[in-house]
Amino acid sequence: LDHLKEQMEEEQAGQAELGMLQRGVNHMAAHLQAMQDQMQEKIDQATARLIYQASHDALTGLINRREFEQRLERTLLTALQQGREHALCYMDLDQFKVINDTCGHAAGDELLRQLALLLKGNLRERDTLARLGGDEFALLLENCSIQDALVVADTFRAEVQRFRFKWG
């Protein structure tokens with residue numbers, strides 16, 4: 001009888017130890033899952049940053065030439081296949097080199113940033129504004145008649161003409 005009692009006590013102790021091990025393993029698994037979730041979130045954020053950086057100009061935040069060319073290609077297809085009307089405006093800044101040469105590249109960079117903000121403020125929802133490089137910008141007006149495009153382009157031109165850049 002004592003032997004049977006000892007066996008039962010040993011079995012209960014073994015089950016308690018097994019339960020404690022199981023809780024420890026479950027805790028470890030939950031911790032590993034949480035760490036994996038955090039790592040996946042960091043990977044997703046890094047991927048989103050890389051996608052953004054690949055398609056946007058680092059200085060102005062506007063889309064870059066590569067992304068603009070892809071959007072332009074898609075837009076041209078809709079014009080050909082669906083008969084839609086679009087407009088493309090090309091802009092460069094007169095005398096931009098003078099600012100870079102006399103005030104330095106930091107001033108030129110700040111001018112481009114400020115102009116990008118100004119121009120973004122005049123965009124319609126379906127418009128695409130891009131910095132192609134240097135002082136060159138492009139504006140893609142989707143589903144826009146020539147008459148409307150001329151009004152939009154004139155608004156942009158007037159905004160840039162009114163803009164006053166102060167440096168130092």
# chains A, B, ... in the order shown; residues from 1 in each chain; ligands from 1

call {"tool": "closest_atom_pairs", "arguments": {"of": "region 109-158 of chain A", "to": "region 45-56 of chain A", "cutoff": "12 Å", "atoms": "only C-alpha atoms", "output": "JSON lines"}}
result
{"residue": "A:Thr128", "atom": "CA", "partner": "A:His56", "partner_atom": "CA", "distance": 12.0}
{"residue": "A:Leu129", "atom": "CA", "partner": "A:His56", "partner_atom": "CA", "distance": 10.8}
{"residue": "A:Ala130", "atom": "CA", "partner": "A:His56", "partner_atom": "CA", "distance": 8.3}
{"residue": "A:Arg131", "atom": "CA", "partner": "A:His56", "partner_atom": "CA", "distance": 8.6}
{"residue": "A:Leu132", "atom": "CA", "partner": "A:His56", "partner_atom": "CA", "distance": 10.2}
{"residue": "A:Gly133", "atom": "CA", "partner": "A:His56", "partner_atom": "CA", "distance": 11.3}

call {"tool": "residues_around", "arguments": {"residues": "Leu123 (chain A)", "least_positions_apart": "3", "cutoff": "10 Å", "atoms": "only C-alpha atoms", "output": "ChimeraX atom specification"}}
result
/A:118-120,126-129,139,141,152,156

call {"tool": "write_last_selection", "arguments": {"atoms": "all heavy atoms", "output": "PDB file, in the first residue's frame"}}
result
ATOM      1  N   LEU A 118       4.379  74.578 -52.726  1.00  0.00           N
ATOM      2  CA  LEU A 118       3.466  75.527 -53.352  1.00  0.00           C
ATOM      3  C   LEU A 118       2.678  74.857 -54.478  1.00  0.00           C
ATOM      4  O   LEU A 118       1.452  74.972 -54.554  1.00  0.00           O
ATOM      5  CB  LEU A 118       4.260  76.719 -53.896  1.00  0.00           C
ATOM      6  CG  LEU A 118       3.469  77.761 -54.673  1.00  0.00           C
ATOM      7  CD1 LEU A 118       2.648  78.602 -53.717  1.00  0.00           C
ATOM      8  CD2 LEU A 118       4.417  78.641 -55.479  1.00  0.00           C
ATOM      9  N   LEU A 119       3.375  74.150 -55.338  1.00  0.00           N
ATOM     10  CA  LEU A 119       2.722  73.511 -56.484  1.00  0.00           C
ATOM     11  C   LEU A 119       1.793  72.378 -56.043  1.00  0.00           C
ATOM     12  O   LEU A 119       0.714  72.203 -56.607  1.00  0.00           O
ATOM     13  CB  LEU A 119       3.770  72.998 -57.472  1.00  0.00           C
ATOM     14  CG  LEU A 119       4.632  74.084 -58.131  1.00  0.00           C
ATOM     15  CD1 LEU A 119       5.725  73.456 -58.982  1.00  0.00           C
ATOM     16  CD2 LEU A 119       3.787  75.051 -58.936  1.00  0.00           C
ATOM     17  N   LYS A 120       2.201  71.611 -55.033  1.00  0.00           N
ATOM     18  CA  LYS A 120       1.339  70.528 -54.529  1.00  0.00           C
ATOM     19  C   LYS A 120       0.008  71.072 -54.036  1.00  0.00           C
ATOM     20  O   LYS A 120      -1.022  70.417 -54.153  1.00  0.00           O
ATOM     21  CB  LYS A 120       2.025  69.770 -53.391  1.00  0.00           C
ATOM     22  CG  LYS A 120       2.954  68.686 -53.849  1.00  0.00           C
ATOM     23  CD  LYS A 120       3.310  67.740 -52.722  1.00  0.00           C
ATOM     24  CE  LYS A 120       4.525  68.179 -51.987  1.00  0.00           C
ATOM     25  NZ  LYS A 120       5.061  67.170 -51.058  1.00  0.00           N
ATOM     26  N   ARG A 126      -6.695  64.158 -59.221  1.00  0.00           N
ATOM     27  CA  ARG A 126      -6.238  63.207 -60.238  1.00  0.00           C
ATOM     28  C   ARG A 126      -4.968  63.661 -60.963  1.00  0.00           C
ATOM     29  O   ARG A 126      -4.523  63.024 -61.910  1.00  0.00           O
ATOM     30  CB  ARG A 126      -7.358  62.951 -61.248  1.00  0.00           C
ATOM     31  CG  ARG A 126      -7.792  64.185 -62.019  1.00  0.00           C
ATOM     32  CD  ARG A 126      -9.006  63.894 -62.894  1.00  0.00           C
ATOM     33  NE  ARG A 126      -9.427  65.062 -63.620  1.00  0.00           N
ATOM     34  CZ  ARG A 126     -10.269  65.979 -63.183  1.00  0.00           C
ATOM     35  NH1 ARG A 126     -10.784  65.874 -61.985  1.00  0.00           N
ATOM     36  NH2 ARG A 126     -10.603  67.006 -63.926  1.00  0.00           N
ATOM     37  N   ASP A 127      -4.375  64.778 -60.529  1.00  0.00           N
ATOM     38  CA  ASP A 127      -3.162  65.287 -61.168  1.00  0.00           C
ATOM     39  C   ASP A 127      -1.920  64.606 -60.605  1.00  0.00           C
ATOM     40  O   ASP A 127      -1.905  64.162 -59.459  1.00  0.00           O
ATOM     41  CB  ASP A 127      -3.025  66.794 -60.948  1.00  0.00           C
ATOM     42  CG  ASP A 127      -4.142  67.595 -61.603  1.00  0.00           C
ATOM     43  OD1 ASP A 127      -4.814  67.050 -62.494  1.00  0.00           O
ATOM     44  OD2 ASP A 127      -4.342  68.755 -61.201  1.00  0.00           O
ATOM     45  N   THR A 128      -0.873  64.575 -61.404  1.00  0.00           N
ATOM     46  CA  THR A 128       0.408  64.029 -60.977  1.00  0.00           C
ATOM     47  C   THR A 128       1.484  65.075 -61.221  1.00  0.00           C
ATOM     48  O   THR A 128       1.675  65.526 -62.347  1.00  0.00           O
ATOM     49  CB  THR A 128       0.753  62.748 -61.778  1.00  0.00           C
ATOM     50  OG1 THR A 128      -0.243  61.760 -61.537  1.00  0.00           O
ATOM     51  CG2 THR A 128       2.105  62.212 -61.377  1.00  0.00           C
ATOM     52  N   LEU A 129       2.162  65.456 -60.156  1.00  0.00           N
ATOM     53  CA  LEU A 129       3.272  66.394 -60.242  1.00  0.00           C
ATOM     54  C   LEU A 129       4.550  65.642 -59.906  1.00  0.00           C
ATOM     55  O   LEU A 129       4.609  64.917 -58.916  1.00  0.00           O
ATOM     56  CB  LEU A 129       3.074  67.551 -59.257  1.00  0.00           C
ATOM     57  CG  LEU A 129       4.179  68.602 -59.193  1.00  0.00           C
ATOM     58  CD1 LEU A 129       4.292  69.352 -60.530  1.00  0.00           C
ATOM     59  CD2 LEU A 129       3.905  69.579 -58.056  1.00  0.00           C
ATOM     60  N   LEU A 139       3.850  67.982 -65.012  1.00  0.00           N
ATOM     61  CA  LEU A 139       2.495  67.904 -64.475  1.00  0.00           C
ATOM     62  C   LEU A 139       1.654  67.119 -65.466  1.00  0.00           C
ATOM     63  O   LEU A 139       1.556  67.493 -66.638  1.00  0.00           O
ATOM     64  CB  LEU A 139       1.930  69.320 -64.288  1.00  0.00           C
ATOM     65  CG  LEU A 139       0.501  69.439 -63.795  1.00  0.00           C
ATOM     66  CD1 LEU A 139       0.350  68.817 -62.404  1.00  0.00           C
ATOM     67  CD2 LEU A 139       0.089  70.903 -63.771  1.00  0.00           C
ATOM     68  N   LEU A 141      -2.009  65.886 -66.314  1.00  0.00           N
ATOM     69  CA  LEU A 141      -3.412  66.185 -66.023  1.00  0.00           C
ATOM     70  C   LEU A 141      -4.268  65.127 -66.714  1.00  0.00           C
ATOM     71  O   LEU A 141      -4.464  65.171 -67.928  1.00  0.00           O
ATOM     72  CB  LEU A 141      -3.762  67.586 -66.532  1.00  0.00           C
ATOM     73  CG  LEU A 141      -2.874  68.715 -66.009  1.00  0.00           C
ATOM     74  CD1 LEU A 141      -3.140  69.998 -66.764  1.00  0.00           C
ATOM     75  CD2 LEU A 141      -3.081  68.902 -64.522  1.00  0.00           C
ATOM     76  N   VAL A 152      -5.205  75.367 -65.786  1.00  0.00           N
ATOM     77  CA  VAL A 152      -4.384  74.814 -64.706  1.00  0.00           C
ATOM     78  C   VAL A 152      -2.934  75.263 -64.870  1.00  0.00           C
ATOM     79  O   VAL A 152      -2.294  75.713 -63.910  1.00  0.00           O
ATOM     80  CB  VAL A 152      -4.474  73.268 -64.678  1.00  0.00           C
ATOM     81  CG1 VAL A 152      -3.454  72.676 -63.712  1.00  0.00           C
ATOM     82  CG2 VAL A 152      -5.879  72.818 -64.303  1.00  0.00           C
ATOM     83  N   PHE A 156      -0.592  77.504 -62.291  1.00  0.00           N
ATOM     84  CA  PHE A 156       0.723  77.107 -61.788  1.00  0.00           C
ATOM     85  C   PHE A 156       1.768  78.171 -62.124  1.00  0.00           C
ATOM     86  O   PHE A 156       2.580  78.556 -61.278  1.00  0.00           O
ATOM     87  CB  PHE A 156       1.140  75.756 -62.380  1.00  0.00           C
ATOM     88  CG  PHE A 156       0.648  74.574 -61.592  1.00  0.00           C
ATOM     89  CD1 PHE A 156      -0.700  74.271 -61.526  1.00  0.00           C
ATOM     90  CD2 PHE A 156       1.537  73.765 -60.912  1.00  0.00           C
ATOM     91  CE1 PHE A 156      -1.160  73.197 -60.801  1.00  0.00           C
ATOM     92  CE2 PHE A 156       1.091  72.677 -60.172  1.00  0.00           C
ATOM     93  CZ  PHE A 156      -0.259  72.389 -60.116  1.00  0.00           C
TER      94      PHE A 156
END

call {"tool": "select_by_dssp", "arguments": {"residues": "chain A", "states": "helix (DSSP H, G or I)", "output": "PyMOL selection string"}}
result
chain A and resi 2-55+65-82+96-103+105-120+146-162

call {"tool": "closest_residue", "arguments": {"among": "A:Ile63, A:Leu115, A:Ala138, A:Val25", "to": "Arg164 (chain A)", "atoms": "only C-alpha atoms"}}
result
A:Leu115

call {"tool": "residues_around", "arguments": {"residues": "Glu110 (chain A)", "least_positions_apart": "4", "cutoff": "12 Å", "atoms": "only C-alpha atoms", "output": "mmCIF file with all heavy atoms, in the first residue's frame"}}
result
data_model
loop_
_atom_site.group_PDB
_atom_site.id
_atom_site.type_symbol
_atom_site.label_atom_id
_atom_site.label_comp_id
_atom_site.auth_asym_id
_atom_site.auth_seq_id
_atom_site.Cartn_x
_atom_site.Cartn_y
_atom_site.Cartn_z
ATOM 1 N N LEU A 59 14.398 64.999 -52.242
ATOM 2 C CA LEU A 59 14.438 66.410 -51.862
ATOM 3 C C LEU A 59 13.045 67.012 -51.687
ATOM 4 O O LEU A 59 12.760 67.689 -50.707
ATOM 5 C CB LEU A 59 15.222 67.211 -52.913
ATOM 6 C CG LEU A 59 15.395 68.692 -52.638
ATOM 7 C CD1 LEU A 59 16.259 68.912 -51.391
ATOM 8 C CD2 LEU A 59 16.018 69.378 -53.840
ATOM 9 N N THR A 60 12.157 66.756 -52.638
ATOM 10 C CA THR A 60 10.853 67.437 -52.651
ATOM 11 C C THR A 60 9.692 66.568 -52.184
ATOM 12 O O THR A 60 8.623 67.091 -51.879
ATOM 13 C CB THR A 60 10.522 67.917 -54.077
ATOM 14 O OG1 THR A 60 10.428 66.766 -54.925
ATOM 15 C CG2 THR A 60 11.577 68.879 -54.590
ATOM 16 N N PHE A 96 17.429 79.408 -62.409
ATOM 17 C CA PHE A 96 17.695 78.582 -61.226
ATOM 18 C C PHE A 96 19.196 78.455 -60.984
ATOM 19 O O PHE A 96 19.661 78.460 -59.840
ATOM 20 C CB PHE A 96 17.055 77.202 -61.383
ATOM 21 C CG PHE A 96 17.288 76.298 -60.213
ATOM 22 C CD1 PHE A 96 16.652 76.531 -59.012
ATOM 23 C CD2 PHE A 96 18.165 75.229 -60.306
ATOM 24 C CE1 PHE A 96 16.867 75.706 -57.921
ATOM 25 C CE2 PHE A 96 18.386 74.399 -59.222
ATOM 26 C CZ PHE A 96 17.737 74.645 -58.031
ATOM 27 N N ILE A 99 20.746 81.048 -58.727
ATOM 28 C CA ILE A 99 20.569 80.844 -57.279
ATOM 29 C C ILE A 99 21.614 79.858 -56.765
ATOM 30 O O ILE A 99 22.267 80.104 -55.757
ATOM 31 C CB ILE A 99 19.135 80.361 -56.970
ATOM 32 C CG1 ILE A 99 18.167 81.498 -57.243
ATOM 33 C CG2 ILE A 99 19.021 79.883 -55.518
ATOM 34 C CD1 ILE A 99 16.727 81.122 -57.185
ATOM 35 N N ASN A 100 21.774 78.743 -57.464
ATOM 36 C CA ASN A 100 22.780 77.769 -57.040
ATOM 37 C C ASN A 100 24.185 78.374 -57.052
ATOM 38 O O ASN A 100 24.969 78.128 -56.139
ATOM 39 C CB ASN A 100 22.743 76.531 -57.949
ATOM 40 C CG ASN A 100 21.814 75.460 -57.428
ATOM 41 O OD1 ASN A 100 21.418 75.473 -56.275
ATOM 42 N ND2 ASN A 100 21.458 74.532 -58.288
ATOM 43 N N CYS A 103 24.121 81.642 -54.307
ATOM 44 C CA CYS A 103 23.731 81.375 -52.911
ATOM 45 C C CYS A 103 24.135 79.980 -52.441
ATOM 46 O O CYS A 103 24.058 79.689 -51.251
ATOM 47 C CB CYS A 103 22.223 81.534 -52.746
ATOM 48 S SG CYS A 103 21.623 83.178 -53.151
ATOM 49 N N GLY A 104 24.480 79.109 -53.356
ATOM 50 C CA GLY A 104 24.878 77.755 -52.988
ATOM 51 C C GLY A 104 23.761 76.747 -53.202
ATOM 52 O O GLY A 104 22.589 77.102 -53.369
ATOM 53 N N HIS A 105 24.160 75.491 -53.189
ATOM 54 C CA HIS A 105 23.194 74.409 -53.440
ATOM 55 C C HIS A 105 22.160 74.258 -52.327
ATOM 56 O O HIS A 105 21.025 73.834 -52.585
ATOM 57 C CB HIS A 105 23.926 73.091 -53.686
ATOM 58 C CG HIS A 105 24.642 73.072 -54.996
ATOM 59 N ND1 HIS A 105 24.003 72.870 -56.190
ATOM 60 C CD2 HIS A 105 25.952 73.265 -55.302
ATOM 61 C CE1 HIS A 105 24.864 72.929 -57.176
ATOM 62 N NE2 HIS A 105 26.069 73.165 -56.671
ATOM 63 N N ALA A 106 22.535 74.632 -51.108
ATOM 64 C CA ALA A 106 21.556 74.554 -50.008
ATOM 65 C C ALA A 106 20.382 75.485 -50.291
ATOM 66 O O ALA A 106 19.218 75.130 -50.047
ATOM 67 C CB ALA A 106 22.213 74.906 -48.678
ATOM 68 N N GLN A 114 10.406 74.462 -51.328
ATOM 69 C CA GLN A 114 9.310 75.417 -51.156
ATOM 70 C C GLN A 114 8.394 75.452 -52.378
ATOM 71 O O GLN A 114 7.168 75.506 -52.237
ATOM 72 C CB GLN A 114 9.865 76.812 -50.871
ATOM 73 C CG GLN A 114 10.456 76.955 -49.498
ATOM 74 C CD GLN A 114 10.958 78.357 -49.216
ATOM 75 O OE1 GLN A 114 10.503 79.336 -49.806
ATOM 76 N NE2 GLN A 114 11.901 78.487 -48.277
ATOM 77 N N LEU A 115 8.985 75.419 -53.553
ATOM 78 C CA LEU A 115 8.163 75.414 -54.773
ATOM 79 C C LEU A 115 7.337 74.137 -54.885
ATOM 80 O O LEU A 115 6.185 74.179 -55.318
ATOM 81 C CB LEU A 115 9.036 75.592 -56.010
ATOM 82 C CG LEU A 115 9.431 77.025 -56.317
ATOM 83 C CD1 LEU A 115 10.406 77.077 -57.472
ATOM 84 C CD2 LEU A 115 8.207 77.880 -56.615
ATOM 85 N N ALA A 116 7.920 73.022 -54.505
ATOM 86 C CA ALA A 116 7.169 71.761 -54.550
ATOM 87 C C ALA A 116 5.946 71.845 -53.645
ATOM 88 O O ALA A 116 4.843 71.428 -54.028
ATOM 89 C CB ALA A 116 8.066 70.592 -54.146
ATOM 90 N N LEU A 117 6.121 72.393 -52.452
ATOM 91 C CA LEU A 117 4.981 72.569 -51.540
ATOM 92 C C LEU A 117 3.931 73.486 -52.149
ATOM 93 O O LEU A 117 2.731 73.212 -52.067
ATOM 94 C CB LEU A 117 5.447 73.128 -50.194
ATOM 95 C CG LEU A 117 6.056 72.143 -49.224
ATOM 96 C CD1 LEU A 117 6.626 72.873 -48.009
ATOM 97 C CD2 LEU A 117 5.036 71.117 -48.789
ATOM 98 N N ASP A 135 15.961 71.399 -61.978
ATOM 99 C CA ASP A 135 14.850 72.353 -61.815
ATOM 100 C C ASP A 135 13.701 72.037 -62.772
ATOM 101 O O ASP A 135 12.912 72.911 -63.106
ATOM 102 C CB ASP A 135 15.343 73.785 -62.018
ATOM 103 C CG ASP A 135 15.792 74.057 -63.445
ATOM 104 O OD1 ASP A 135 16.137 73.094 -64.156
ATOM 105 O OD2 ASP A 135 15.793 75.229 -63.859
ATOM 106 N N PHE A 165 11.262 84.037 -52.987
ATOM 107 C CA PHE A 165 12.167 83.195 -52.219
ATOM 108 C C PHE A 165 13.119 84.076 -51.422
ATOM 109 O O PHE A 165 13.789 84.937 -51.986
ATOM 110 C CB PHE A 165 12.942 82.271 -53.155
ATOM 111 C CG PHE A 165 13.934 81.382 -52.464
ATOM 112 C CD1 PHE A 165 13.516 80.415 -51.579
ATOM 113 C CD2 PHE A 165 15.300 81.529 -52.710
ATOM 114 C CE1 PHE A 165 14.422 79.597 -50.938
ATOM 115 C CE2 PHE A 165 16.218 80.716 -52.081
ATOM 116 C CZ PHE A 165 15.779 79.746 -51.194
ATOM 117 N N LYS A 166 13.160 83.832 -50.117
ATOM 118 C CA LYS A 166 14.067 84.593 -49.252
ATOM 119 C C LYS A 166 15.103 83.626 -48.717
ATOM 120 O O LYS A 166 14.791 82.537 -48.245
ATOM 121 C CB LYS A 166 13.285 85.225 -48.108
ATOM 122 C CG LYS A 166 12.337 86.305 -48.560
ATOM 123 C CD LYS A 166 11.532 86.851 -47.391
ATOM 124 C CE LYS A 166 10.602 87.951 -47.797
ATOM 125 N NZ LYS A 166 9.463 87.520 -48.577
ATOM 126 N N TRP A 167 16.339 84.052 -48.784
ATOM 127 C CA TRP A 167 17.438 83.219 -48.292
ATOM 128 C C TRP A 167 18.461 84.114 -47.610
ATOM 129 O O TRP A 167 19.020 85.017 -48.202
ATOM 130 C CB TRP A 167 18.087 82.467 -49.465
ATOM 131 C CG TRP A 167 19.199 81.578 -49.038
ATOM 132 C CD1 TRP A 167 20.527 81.829 -49.115
ATOM 133 C CD2 TRP A 167 19.087 80.287 -48.452
ATOM 134 N NE1 TRP A 167 21.245 80.786 -48.625
ATOM 135 C CE2 TRP A 167 20.376 79.810 -48.204
ATOM 136 C CE3 TRP A 167 18.004 79.471 -48.100
ATOM 137 C CZ2 TRP A 167 20.643 78.566 -47.629
ATOM 138 C CZ3 TRP A 167 18.256 78.243 -47.536
ATOM 139 C CH2 TRP A 167 19.560 77.798 -47.319
ATOM 140 N N GLY A 168 18.716 83.820 -46.344
ATOM 141 C CA GLY A 168 19.771 84.516 -45.603
ATOM 142 C C GLY A 168 19.618 85.987 -45.490
ATOM 143 O O GLY A 168 18.797 86.748 -45.500
#
